[in-house]
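Student: Can you read through this structure? Questions will come right after.
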Amino acid sequence: MKNNNYLEKINFRALVETDGNDRIQDRLNIVDVFLDTEEHVTIEQMYRLLREKGYDYDAGFVRQCMNRMADLGFAQKKQFEGQPVRYEHRHLGRHHDHLICTKCGKIVEFANDHMERLQVAIAAEHGFHMLQHKMEIYGLCAKCRAQRRPLMPLAMAKPGERVVIREMAGGKTARSRMADMGLRLDDHVEIISNSGEGRLILGHDCTRLAIGRGIAQKIMVSLAHEEGEEACQEA
Ligand SMILES: [Zn+2]
Ligand SMILES: [Zn+2]
Ligand SMILES: [Zn+2]
């Protein structure tokens, strides 16, 4: 979130000069580059941004400097699930929360007063005085959702495609027949042959399975690679 970076830099310089550190100019260069980005950056990304500006500092120094910035209240360290540690600006008196896309890693910031008050109230109901909180919403971003193809019947899948079983239509009987074949929701299946008529041959749990066209019409699947999921791996 944007703020007056110039004032932040002056503030930082004043604090770092009383810190008794060496390489003050190098530290200020790192602060400059950090404050000029509005991203949630990893040490790796900071290192690259610094290189682009012609500063070649080792990652250890960059990390030490970023952590000092966090101690001094200029940066905030964040670790979202499944992602490396990131740093973002910390603007005093302002708070925001995050939405994280589990597919592409996109991070979106939001602030909602109603929700903030609700969290304080919930804490109070349990006898807590809230000091801090993390609100992270994980899901698929709009772009990743748009890229996702709608479900299709297994009968439409092409040989060579890897699909994930998403839904089983056709009521109890059909579902118990699928269960008898060992097929469950979220299972990955590879289409070995599908000539458009008669039975399909599937690779499932690394065995081959013949499945009637009627049942294959009732099993709804999505393409496995579009979900970023791995297909059946040999154990
Ligand atoms: Zn919040
Ligand atoms: Zn995404
Ligand atoms: Zn943020």
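Lettering and numbering for the structure tokens are positional, with chains as A, B, ... in the shown order, residues counted from 1 in each chain, and ligands counted from 1 in the shown order.
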At a cut-off of 10 Å around ligand 2, and using only C-alpha atoms and all ligand atoms, what residues come up? Please write them as a PyMOL selection string.
Tutor: chain A and resi 100-107+139-147
Student: Excluding same-chain residues fewer than 3 positions from Met220 in chain A, what lies within 7 Å of it counting only C-alpha atoms, as a ChimeraX atom specification?
Tutor: /A:151-154,165-168
Student: Can I get the selected residues back with all heavy atoms, as an mmCIF file, in the first residue's frame?
Tutor:
```cif
data_model
loop_
_atom_site.group_PDB
_atom_site.id
_atom_site.type_symbol
_atom_site.label_atom_id
_atom_site.label_comp_id
_atom_site.auth_asym_id
_atom_site.auth_seq_id
_atom_site.Cartn_x
_atom_site.Cartn_y
_atom_site.Cartn_z
ATOM 1 N N LEU A 151 -16.441 -28.494 -16.425
ATOM 2 C CA LEU A 151 -16.414 -29.955 -16.339
ATOM 3 C C LEU A 151 -16.952 -30.582 -17.613
ATOM 4 O O LEU A 151 -17.785 -30.007 -18.295
ATOM 5 C CB LEU A 151 -17.273 -30.408 -15.157
ATOM 6 C CG LEU A 151 -16.827 -29.947 -13.777
ATOM 7 C CD1 LEU A 151 -17.726 -30.555 -12.713
ATOM 8 C CD2 LEU A 151 -15.378 -30.295 -13.518
ATOM 9 N N MET A 152 -16.469 -31.751 -17.922
ATOM 10 C CA MET A 152 -17.003 -32.487 -19.088
ATOM 11 C C MET A 152 -17.186 -33.947 -18.675
ATOM 12 O O MET A 152 -16.548 -34.421 -17.738
ATOM 13 C CB MET A 152 -16.027 -32.385 -20.262
ATOM 14 C CG MET A 152 -14.675 -33.012 -19.954
ATOM 15 S SD MET A 152 -13.588 -32.925 -21.389
ATOM 16 C CE MET A 152 -12.068 -33.547 -20.687
ATOM 17 N N PRO A 153 -18.046 -34.657 -19.401
ATOM 18 C CA PRO A 153 -18.186 -36.086 -19.084
ATOM 19 C C PRO A 153 -16.905 -36.829 -19.476
ATOM 20 O O PRO A 153 -16.266 -36.485 -20.469
ATOM 21 C CB PRO A 153 -19.356 -36.540 -19.951
ATOM 22 C CG PRO A 153 -19.893 -35.345 -20.642
ATOM 23 C CD PRO A 153 -18.933 -34.222 -20.484
ATOM 24 N N LEU A 154 -16.551 -37.818 -18.699
ATOM 25 C CA LEU A 154 -15.370 -38.639 -18.977
ATOM 26 C C LEU A 154 -15.415 -39.198 -20.396
ATOM 27 O O LEU A 154 -14.388 -39.331 -21.062
ATOM 28 C CB LEU A 154 -15.306 -39.774 -17.942
ATOM 29 C CG LEU A 154 -14.192 -40.790 -18.072
ATOM 30 C CD1 LEU A 154 -12.825 -40.134 -17.980
ATOM 31 C CD2 LEU A 154 -14.327 -41.862 -16.994
ATOM 32 N N ILE A 165 -11.472 -36.788 -11.490
ATOM 33 C CA ILE A 165 -12.907 -37.042 -11.308
ATOM 34 C C ILE A 165 -13.468 -36.004 -10.346
ATOM 35 O O ILE A 165 -12.977 -35.854 -9.216
ATOM 36 C CB ILE A 165 -13.156 -38.467 -10.778
ATOM 37 C CG1 ILE A 165 -12.639 -39.478 -11.805
ATOM 38 C CG2 ILE A 165 -14.645 -38.684 -10.484
ATOM 39 C CD1 ILE A 165 -12.768 -40.926 -11.366
ATOM 40 N N ARG A 166 -14.451 -35.238 -10.800
ATOM 41 C CA ARG A 166 -14.982 -34.136 -10.007
ATOM 42 C C ARG A 166 -16.383 -34.403 -9.459
ATOM 43 O O ARG A 166 -16.734 -33.968 -8.380
ATOM 44 C CB ARG A 166 -15.025 -32.856 -10.859
ATOM 45 C CG ARG A 166 -13.660 -32.376 -11.296
ATOM 46 C CD ARG A 166 -12.831 -31.987 -10.096
ATOM 47 N NE ARG A 166 -11.499 -31.551 -10.477
ATOM 48 C CZ ARG A 166 -10.515 -31.370 -9.611
ATOM 49 N NH1 ARG A 166 -10.720 -31.589 -8.329
ATOM 50 N NH2 ARG A 166 -9.333 -30.987 -10.025
ATOM 51 N N GLU A 167 -17.174 -35.055 -10.262
ATOM 52 C CA GLU A 167 -18.558 -35.316 -9.840
ATOM 53 C C GLU A 167 -18.994 -36.650 -10.394
ATOM 54 O O GLU A 167 -18.529 -37.076 -11.448
ATOM 55 C CB GLU A 167 -19.498 -34.247 -10.423
ATOM 56 C CG GLU A 167 -19.526 -32.949 -9.657
ATOM 57 C CD GLU A 167 -20.312 -31.873 -10.410
ATOM 58 O OE1 GLU A 167 -21.279 -32.218 -11.131
ATOM 59 O OE2 GLU A 167 -19.921 -30.711 -10.270
ATOM 60 N N MET A 168 -19.900 -37.281 -9.671
ATOM 61 C CA MET A 168 -20.480 -38.512 -10.185
ATOM 62 C C MET A 168 -21.982 -38.342 -10.205
ATOM 63 O O MET A 168 -22.620 -38.275 -9.150
ATOM 64 C CB MET A 168 -20.089 -39.690 -9.305
ATOM 65 C CG MET A 168 -18.603 -39.994 -9.396
ATOM 66 S SD MET A 168 -18.182 -41.402 -8.397
ATOM 67 C CE MET A 168 -16.446 -41.592 -8.781
#
```
Student: Between A:Asp113, A:Asp205, A:Asp19, A:Asp97, which has the minimum distance to ligand 1 (counting only C-alpha atoms and all ligand atoms)?
Tutor: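 For ligand 1, the nearest of the candidates is A:Asp97.
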Student: Select the residues contacting ligand 1 at a distance of at most 8 Å, based on only C-alpha atoms and all ligand atoms, then format the selection as an mmCIF file with N, CA, C and O atoms, in the first residue's frame.
Tutor:
```cif
data_model
loop_
_atom_site.group_PDB
_atom_site.id
_atom_site.type_symbol
_atom_site.label_atom_id
_atom_site.label_comp_id
_atom_site.auth_asym_id
_atom_site.auth_seq_id
_atom_site.Cartn_x
_atom_site.Cartn_y
_atom_site.Cartn_z
ATOM 1 N N HIS A 95 -3.642 -1.008 8.190
ATOM 2 C CA HIS A 95 -3.653 -2.463 8.229
ATOM 3 C C HIS A 95 -4.391 -2.991 7.007
ATOM 4 O O HIS A 95 -5.341 -2.392 6.537
ATOM 5 N N HIS A 96 -3.928 -4.112 6.508
ATOM 6 C CA HIS A 96 -4.665 -4.764 5.426
ATOM 7 C C HIS A 96 -4.477 -6.270 5.541
ATOM 8 O O HIS A 96 -3.610 -6.751 6.253
ATOM 9 N N ASP A 97 -5.302 -7.001 4.847
ATOM 10 C CA ASP A 97 -5.222 -8.455 4.843
ATOM 11 C C ASP A 97 -5.049 -8.944 3.402
ATOM 12 O O ASP A 97 -4.983 -8.143 2.480
ATOM 13 N N ALA A 111 -8.802 -4.342 2.642
ATOM 14 C CA ALA A 111 -9.049 -3.828 3.989
ATOM 15 C C ALA A 111 -10.549 -3.715 4.148
ATOM 16 O O ALA A 111 -11.237 -3.260 3.232
ATOM 17 N N ASN A 112 -11.044 -4.184 5.275
ATOM 18 C CA ASN A 112 -12.485 -4.163 5.489
ATOM 19 C C ASN A 112 -12.765 -3.866 6.970
ATOM 20 O O ASN A 112 -12.502 -4.715 7.832
ATOM 21 N N MET A 115 -15.068 -6.260 8.913
ATOM 22 C CA MET A 115 -14.444 -7.513 9.325
ATOM 23 C C MET A 115 -13.465 -7.295 10.473
ATOM 24 O O MET A 115 -13.334 -8.139 11.362
ATOM 25 N N GLU A 116 -12.765 -6.185 10.446
ATOM 26 C CA GLU A 116 -11.823 -5.882 11.535
ATOM 27 C C GLU A 116 -12.560 -5.804 12.869
ATOM 28 O O GLU A 116 -12.127 -6.366 13.867
ATOM 29 N N HIS A 133 -3.685 -10.055 14.388
ATOM 30 C CA HIS A 133 -4.318 -11.192 13.721
ATOM 31 C C HIS A 133 -3.792 -11.299 12.300
ATOM 32 O O HIS A 133 -3.191 -10.376 11.768
ATOM 33 N N LYS A 134 -4.023 -12.451 11.716
ATOM 34 C CA LYS A 134 -3.709 -12.682 10.313
ATOM 35 C C LYS A 134 -4.980 -13.161 9.645
ATOM 36 O O LYS A 134 -5.592 -14.104 10.121
ATOM 37 N N MET A 135 -5.394 -12.510 8.605
ATOM 38 C CA MET A 135 -6.541 -12.990 7.839
ATOM 39 C C MET A 135 -6.035 -13.278 6.435
ATOM 40 O O MET A 135 -5.667 -12.370 5.703
#
```
Student: Name all residues at most 8 Å from Gly196 in chain A (count only C-alpha atoms; drop same-chain ones fewer than 2 positions away) and give them as an MDAnalysis selection string.
Tutor: chainID A and resid 155:156 194 198
Student: Filtering to all heavy atoms, could you give me those residues as a PDB file, in the first residue's frame?
Tutor:
```
ATOM      1  N   ALA A 155     -16.634 -39.478 -20.880  1.00  0.00           N
ATOM      2  CA  ALA A 155     -16.800 -40.051 -22.224  1.00  0.00           C
ATOM      3  C   ALA A 155     -16.250 -39.135 -23.322  1.00  0.00           C
ATOM      4  O   ALA A 155     -15.964 -39.587 -24.425  1.00  0.00           O
ATOM      5  CB  ALA A 155     -18.273 -40.355 -22.480  1.00  0.00           C
ATOM      6  N   MET A 156     -16.118 -37.815 -23.007  1.00  0.00           N
ATOM      7  CA  MET A 156     -15.632 -36.852 -24.004  1.00  0.00           C
ATOM      8  C   MET A 156     -14.112 -36.699 -23.983  1.00  0.00           C
ATOM      9  O   MET A 156     -13.542 -36.033 -24.849  1.00  0.00           O
ATOM     10  CB  MET A 156     -16.224 -35.467 -23.708  1.00  0.00           C
ATOM     11  CG  MET A 156     -17.726 -35.425 -23.646  1.00  0.00           C
ATOM     12  SD  MET A 156     -18.416 -34.663 -25.110  1.00  0.00           S
ATOM     13  CE  MET A 156     -17.745 -33.016 -24.962  1.00  0.00           C
ATOM     14  N   ASN A 194     -10.226 -44.263 -26.311  1.00  0.00           N
ATOM     15  CA  ASN A 194     -11.619 -43.830 -26.354  1.00  0.00           C
ATOM     16  C   ASN A 194     -11.952 -43.595 -27.817  1.00  0.00           C
ATOM     17  O   ASN A 194     -11.624 -42.569 -28.392  1.00  0.00           O
ATOM     18  CB  ASN A 194     -11.808 -42.546 -25.533  1.00  0.00           C
ATOM     19  CG  ASN A 194     -13.250 -42.068 -25.568  1.00  0.00           C
ATOM     20  OD1 ASN A 194     -14.142 -42.767 -26.038  1.00  0.00           O
ATOM     21  ND2 ASN A 194     -13.477 -40.855 -25.080  1.00  0.00           N
ATOM     22  N   GLY A 198     -18.457 -47.687 -27.610  1.00  0.00           N
ATOM     23  CA  GLY A 198     -18.039 -48.827 -26.788  1.00  0.00           C
ATOM     24  C   GLY A 198     -17.288 -48.377 -25.543  1.00  0.00           C
ATOM     25  O   GLY A 198     -17.401 -47.229 -25.110  1.00  0.00           O
TER      26      GLY A 198
END
```
Student: With distances taken over only C-alpha atoms, which of A:Arg63, A:Cys206, A:Leu99, A:Arg177 is nearest to Lys77 in chain A?
Tutor: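 For Lys77 in chain A, the nearest of the given residues is A:Arg63.
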Student: Kindly compile the residues surrounding ligand 3 within 9 Å, counting only C-alpha atoms and all ligand atoms, and format them as a VMD selection string.
Tutor: chain A and resid 1 38 to 40 76 78 87 to 90 95 to 98 107 to 110
Student: Run DSSP on the backbone and tell me which residues of range 3-182 of chain A come out as alpha helix (DSSP H); list them as a VMD selection string.
Tutor: chain A and resid 5 to 17 24 to 36 43 to 52 59 to 71 113 to 125 142 to 147 171 to 180
Student: Compile the contact shell of Tyr47 in chain A as number ranges by chain: residues with an atom at most 12 Å away, counting only C-alpha atoms, same-chain residues fewer than 2 positions apart removed.
Tutor: A: 29-30, 33-34, 41-45, 49-63, 65-66
Student: Would you mind listing what lies within 9 Å of Leu202 in chain A as a list in words, with only C-alpha atoms counted and same-chain residues fewer than 2 positions away left out?
Tutor: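 The filter keeps Pro159, Val189, Glu190, Ile191, Ile192, Ser193, Asn194, Leu200, His204, Thr207, Arg208, Leu209, Ala210 and Ile211 of chain A.
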